[in-house]
Amino acid sequence: MTNNDIADAVVIGTGAGGAPLLARLAMAGLKVVALEAGKFWKATEDFATDERAQDFLFWNDERLSAGNDPMAFGRNNSGTGVGGSTLHYTAYTPRLQPDDLQLRTDFGVGEDWPLDYHQDIEPYYDELEAFLGVSGPSPYRWGPARRTAYRYGPLPVNAAGRLMEQGCREVGIQTSPAANAALSAPQFQEGYGWRSACTNRGFCQAGCNNGAKASMDVTFIPLAIQYGAEVRAECFVTGFERDTSGHITGVVYEQNGETKQQLTRNVFLCAGAVETPRLLLINDLANRSGQVGRNLMAHTALQIWGEFDDETVPWRGIPGAIISEDTHRANGLANYPGDFVGGYLLQSIGVMPVTYASQMARGRALWGQDLHDAMSRYRHVAGINILGECLPYAHNYLELSDEKDSRGLPKPRVHFSMGENEEQLTSHANQIMRDIWTAAGARNIWAFPRNAHVIGTARMGTDPDLAVVDPDGRSFDVPNLYISDNSTFPSALSVNPALTIMALSLRTADKFLNGLSTTH
Amino acid sequence: MYENTSQTPVRDLLQSDRVTPATRTALTERLAQPPVTEPQFFTQDEFVRLQRVCDRLIPQPDDERVDLAGPIDERLANGTTNGWRYNDLPNDGEAYRLFLTGIDQAAEANYDRPFDALTDEQQADILLLVQQGEAPGPVWQQLPADRFFEELLAEVVEVFYSHPMAQEKIGYTGMADQTSPPAPLLHKERGVEH
Ligand SMILES: Cc1cc2nc3c(=O)[nH]c(=O)nc-3n(C[C@H](O)[C@H](O)[C@H](O)COP(=O)(O)OP(=O)(O)OC[C@H]3O[C@@H](n4cnc5c(N)ncnc54)[C@H](O)[C@@H]3O)c2cc1C
Ligand code: SF4
């Protein structure tokens, strides 16, 4: 397709929110073009098992971090390339639980989702887990009973996982092998070929070099291309053309230093929860509600580390092997009653050496001989962490700063400070995790405070005054603009986001296609 | 402490067929990289001072040294970042320059001598004051000392532990990624292989 042909849809960004709908629209026979800022890698040849060499996976344009708990971006937050942040996600794919969707109903704060679990989300989970090849235990201990078993059994449990099982047994918390979107057996992927089984290399966060991990570049992207989608890499979108009625008619982007435009009938903005609101604010688009960039949330993600007598070889195995969702709602917990809004999940974690060293530098502030001593015990280290709810507050938001990036566009400034609820939730988790690690035999236990994932900066809702998109992901203000990424979540959820982002992506595509068939 | 009969286990691995081409290329290139002697971003004086700082943060034996200041100079000359910075810090290059001026001011204030003329212990004391946000000198009104120290330490540590020689010291062998059939999941303490 040339830039002057009118596309049926332009998809901006090819991560968890963009790739699934790109494939869906292509399979429906639409002329679709994806514009992706990052490169199109061939993981099996290009990816090294080395953190520094893999730095190219991360969105390293500078963002300014403000507030009492400034968020770390780059390696800690978001990626770039065809496949987006799924290139470096850990592939942890828990389902949300239905009560995650009704925080306001249950607690009187936060937001309810305008969606029904069984009708709007569960069917897509079923489809996605089979398509991606999620490995997990069936039945699964928490949440509504699954209608189908996971396609593959769980992946082997690494040392951190075994230790978490042991520690949890002693403090009375139930555990289970976790669901991971990495193959425990080879799988044929339409448009791609055979993906091999996970080799326990433990490098998911620096990119999987054998197709075992279900990142978008080995799943939905090849499927989309097979059905005629065009994926244009290294195309950075900067603006939009609009007609007098306010519809978008073209997407403006930079490629090799040249400014180009792609004409289109529809736009799906899937640039992630920082770049999506940034692009909308720069272009003063879809913001009649004033909510673009507001309601910014980040998962509470405290990590607890410890050293064990025996070697753990912390880089081996799928990093997040063992899960507990006993803390999904803590008020009923016998040993650890908690009194806060929402809840969290517990997870064992492996860690790559540079990431660990860097966190020690920031978290323990060790240097000199102390650092050498602590790092000499790296082979004995294991971690456990949480992924928990976060409420939206007026004091947490994204804005455009006065500083310009190399393209001359304003850098985003992200304000983040934990509220009282996040503090309470985190201190509850701190106690439980320290007890678990102590029971498992850890020494030199230390905590690394973190807040992970940006969420909610273009939220969905039913009221155009309070939300940016409707429950189908369509902009209230610009009728041919849809948003599909982590920015549309009304609440943070007490589970990792990627599987749910993909589910909403497929749902948005289906709603859009339904609309087409009824209007044409 | 990790025991290995070879003194150079990672360098041995890189010679073997247990490493994929992409990984071998990345690590052998890093190993072969000569230390930077002519800085592109810093002045020669600043660069030497930064080298002394790196020596205090990560002491190294004379015979096997990882160049720590060099990659920092290269990054700043290229204008690349790690994707974010604290809102209350100036841009990375300016922050580094202020810091290098600031430790000189602190050295003059406490010892009547420039930083470079201090003993190793005195230099470490100055750095500790910076880390604690208590270093004397006008620069620290402009540069939040403890924040910058965290950024500096994280960068130096990342450069160091990315290097095969540092990885040998901590017994890291994860670069052995050529695995077909899949590597067994070693879980040594229970003698179990999954
Ligand atoms: C280290 C790490 C581990 C993680 N592990 C997990 C996990 O185990 N489980 C989980 O559920 N989640 C995990 N996540 C989070 C998960 O990766 C993200 O939530 C998810 O990928 C977000 O999807 P998205 O579509 O919102 O954005 P992304 O996947 O980030 O995609 C956005 C895409 O848009 C592109 N883009 C942005 N701006 C432009 C522009 N102007 N023009 C063109 N293209 C543009 C970007 O290059 C990018 O490719 C992890 C994240 C990190 C950082
Ligand atoms: S642990 Fe498995 S899924 Fe993760 S990067 Fe290694 S092979 Fe890929």
# chains A, B, ... in the order shown; residues from 1 in each chain; ligands from 1
$ interface_residues --of "chain A" --to "chain B" --cutoff "6 Å" --atoms "only C-alpha atoms" --output "list of chain:residue names"
A:Ala48, A:Thr49, A:Asn60, A:Asp61, A:Glu62, A:Arg63, A:Leu64, A:Ser65, A:Ala66, A:Phe73, A:Gly74, A:Thr199, A:Asp310, A:Val354, A:Ser358, A:Ala361, A:Arg362, A:Trp367, A:Gly368, A:Ser376
$ write_last_selection --atoms "N, CA, C and O atoms" --output "compact mmCIF listing (two decimals), in the first residue's frame"
# COMPACT_ATOMS: atom_id res chain seq x y z
N ALA A 48 21.01 -11.42 22.00
CA ALA A 48 22.08 -12.01 22.79
C ALA A 48 21.58 -12.27 24.21
O ALA A 48 20.68 -11.60 24.69
N THR A 49 22.19 -13.26 24.88
CA THR A 49 21.87 -13.50 26.28
C THR A 49 22.76 -12.59 27.11
O THR A 49 23.73 -13.04 27.72
N ASN A 60 14.14 4.18 25.48
CA ASN A 60 15.15 4.94 26.22
C ASN A 60 15.13 6.43 25.93
O ASN A 60 16.07 7.14 26.27
N ASP A 61 14.07 6.94 25.29
CA ASP A 61 13.90 8.39 25.20
C ASP A 61 13.59 8.88 26.62
O ASP A 61 12.78 8.28 27.32
N GLU A 62 14.21 9.97 27.00
CA GLU A 62 14.14 10.36 28.41
C GLU A 62 12.75 10.83 28.84
O GLU A 62 12.11 11.62 28.16
N ARG A 63 12.32 10.31 29.98
CA ARG A 63 11.10 10.76 30.63
C ARG A 63 11.48 11.33 31.99
O ARG A 63 12.43 10.86 32.62
N LEU A 64 10.73 12.33 32.45
CA LEU A 64 11.05 12.97 33.73
C LEU A 64 10.15 12.39 34.81
O LEU A 64 8.93 12.32 34.65
N SER A 65 10.77 11.97 35.91
CA SER A 65 10.04 11.28 36.97
C SER A 65 9.95 12.16 38.21
O SER A 65 10.96 12.44 38.84
N ALA A 66 8.72 12.55 38.54
CA ALA A 66 8.50 13.45 39.66
C ALA A 66 7.63 12.76 40.71
O ALA A 66 7.18 11.64 40.53
N PHE A 73 11.79 4.39 34.42
CA PHE A 73 11.34 3.97 33.08
C PHE A 73 12.46 3.18 32.41
O PHE A 73 13.23 2.52 33.08
N GLY A 74 12.57 3.27 31.09
CA GLY A 74 13.58 2.48 30.39
C GLY A 74 13.38 1.00 30.69
O GLY A 74 12.27 0.48 30.63
N THR A 199 13.77 -23.03 27.17
CA THR A 199 15.02 -23.71 27.52
C THR A 199 15.52 -23.31 28.90
O THR A 199 16.69 -23.52 29.23
N ASP A 310 22.28 -22.76 50.19
CA ASP A 310 22.52 -23.51 48.96
C ASP A 310 22.47 -22.58 47.77
O ASP A 310 21.86 -21.52 47.82
N VAL A 354 22.96 -8.18 36.04
CA VAL A 354 23.10 -6.72 36.01
C VAL A 354 21.89 -6.06 36.66
O VAL A 354 22.02 -5.08 37.40
N SER A 358 22.26 -3.69 39.87
CA SER A 358 21.77 -2.33 39.78
C SER A 358 20.76 -2.04 40.89
O SER A 358 20.75 -0.96 41.50
N ALA A 361 22.56 -1.51 44.06
CA ALA A 361 23.14 -0.17 44.12
C ALA A 361 22.08 0.82 44.57
O ALA A 361 22.31 1.64 45.46
N ARG A 362 20.90 0.73 43.96
CA ARG A 362 19.86 1.70 44.31
C ARG A 362 19.21 1.39 45.66
O ARG A 362 18.95 2.28 46.44
N TRP A 367 28.58 0.04 48.04
CA TRP A 367 29.71 0.23 47.13
C TRP A 367 30.99 -0.18 47.83
O TRP A 367 30.99 -0.56 49.00
N GLY A 368 32.10 -0.13 47.06
CA GLY A 368 33.37 -0.55 47.63
C GLY A 368 33.36 -2.05 47.91
O GLY A 368 32.67 -2.82 47.25
N SER A 376 29.28 -11.31 45.57
CA SER A 376 29.92 -12.63 45.52
C SER A 376 28.93 -13.72 45.94
O SER A 376 29.15 -14.90 45.70
$ residues_near_ligand --ligand "ligand 1" --cutoff "6 Å" --atoms "only C-alpha atoms and all ligand atoms" --output "MDAnalysis selection string"
chainID A and resid 12:18 35:38 75:86 88:93 205 235:238 270:273 275 453 485:486 496:499
$ residues_near_ligand --ligand "ligand 2" --cutoff "8 Å" --atoms "only C-alpha atoms and all ligand atoms" --output "ChimeraX atom specification"
/A:90-91,181-183,197-214,316-319
$ residues_around --residues "range 427-437 of chain A" --least-positions-apart "2" --cutoff "8 Å" --atoms "only C-alpha atoms" --output "ChimeraX atom specification"
/A:163-164,167-168,170-171,302,304,306,336,338,384-386,423-425,439-442,445,447
$ atom_distance --atom1 "CA of Phe416 in chain A" --atom2 "CA of His395 in chain A"
7.2 Å
$ atom_distance --atom1 "CA of Gly350 in chain A" --atom2 "CA of Ala452 in chain A"
16.7 Å
$ residues_around --residues "Phe107 in chain A" --least-positions-apart "4" --cutoff "9 Å" --atoms "only C-alpha atoms" --output "PDB file with N, CA, C and O atoms, in the first residue's frame"
ATOM      1  N   GLN A 102     -14.802  -4.427  40.153  1.00  0.00           N
ATOM      2  CA  GLN A 102     -15.783  -3.636  40.909  1.00  0.00           C
ATOM      3  C   GLN A 102     -15.242  -3.151  42.248  1.00  0.00           C
ATOM      4  O   GLN A 102     -15.856  -3.350  43.293  1.00  0.00           O
ATOM      5  N   LEU A 103     -14.137  -2.467  42.159  1.00  0.00           N
ATOM      6  CA  LEU A 103     -13.518  -1.905  43.350  1.00  0.00           C
ATOM      7  C   LEU A 103     -14.442  -0.896  44.044  1.00  0.00           C
ATOM      8  O   LEU A 103     -14.590  -0.878  45.257  1.00  0.00           O
ATOM      9  N   PHE A 340      -7.214  -3.028  53.716  1.00  0.00           N
ATOM     10  CA  PHE A 340      -6.954  -2.025  52.693  1.00  0.00           C
ATOM     11  C   PHE A 340      -7.781  -2.371  51.463  1.00  0.00           C
ATOM     12  O   PHE A 340      -8.360  -3.449  51.371  1.00  0.00           O
ATOM     13  N   VAL A 341      -7.837  -1.431  50.544  1.00  0.00           N
ATOM     14  CA  VAL A 341      -8.641  -1.606  49.336  1.00  0.00           C
ATOM     15  C   VAL A 341      -7.898  -2.498  48.346  1.00  0.00           C
ATOM     16  O   VAL A 341      -6.712  -2.288  48.080  1.00  0.00           O
ATOM     17  N   GLY A 342      -8.597  -3.490  47.795  1.00  0.00           N
ATOM     18  CA  GLY A 342      -7.998  -4.355  46.783  1.00  0.00           C
ATOM     19  C   GLY A 342      -7.051  -5.363  47.392  1.00  0.00           C
ATOM     20  O   GLY A 342      -7.181  -5.718  48.568  1.00  0.00           O
TER      21      GLY A 342
END
$ select_by_dssp --residues "range 420-504 of chain A" --states "strand (DSSP E or B)" --output "JSON, numbers by chain"
{"A": [443, 444, 445, 446, 447, 448, 451, 452, 453, 454, 455, 460, 469, 474, 475, 481, 482, 483]}
$ atom_distance --atom1 "CA of Met1 in chain A" --atom2 "CA of Leu263 in chain A"
10.5 Å
$ closest_residue --among "B:Asn78, B:Gln105, B:Ser6, B:Gln123" --to "Gln40 in chain B" --atoms "only C-alpha atoms"
B:Asn78
$ residues_around --residues "Gln51 in chain B" --least-positions-apart "6" --cutoff "9 Å" --atoms "only C-alpha atoms" --output "PyMOL selection string"
chain B and resi 67-70
$ closest_residue --among "B:Tyr111, B:Trp140, B:Phe47, B:Phe41" --to "Asp92 in chain B" --atoms "only C-alpha atoms"
B:Phe41
$ residues_around --residues "Val139 in chain B" --least-positions-apart "5" --cutoff "12 Å" --atoms "only C-alpha atoms" --output "list of chain:residue names"
B:Glu94, B:Ala95, B:Tyr96, B:Arg97, B:Leu98, B:Phe99, B:Leu100, B:Thr101, B:Gly102, B:Ile103, B:Asp104, B:Gln105, B:Ala106, B:Val130, B:Gly133, B:Glu134, B:Pro144, B:Ala145
$ residues_around --residues "Glu311 in chain A" --least-positions-apart "2" --cutoff "6 Å" --atoms "only C-alpha atoms" --output "tab-separated table (two decimals) with C-alpha atoms, in the first residue's frame"
chain	number	residue	atom	x	y	z
A	313	VAL	CA	21.49	-20.05	40.34
A	379	ARG	CA	24.56	-17.47	43.02
A	380	HIS	CA	22.74	-17.86	46.35
$ closest_residue --among "A:Arg413, A:Arg377, A:Arg147, A:Arg507" --to "Tyr482 in chain A" --atoms "only C-alpha atoms"
A:Arg507
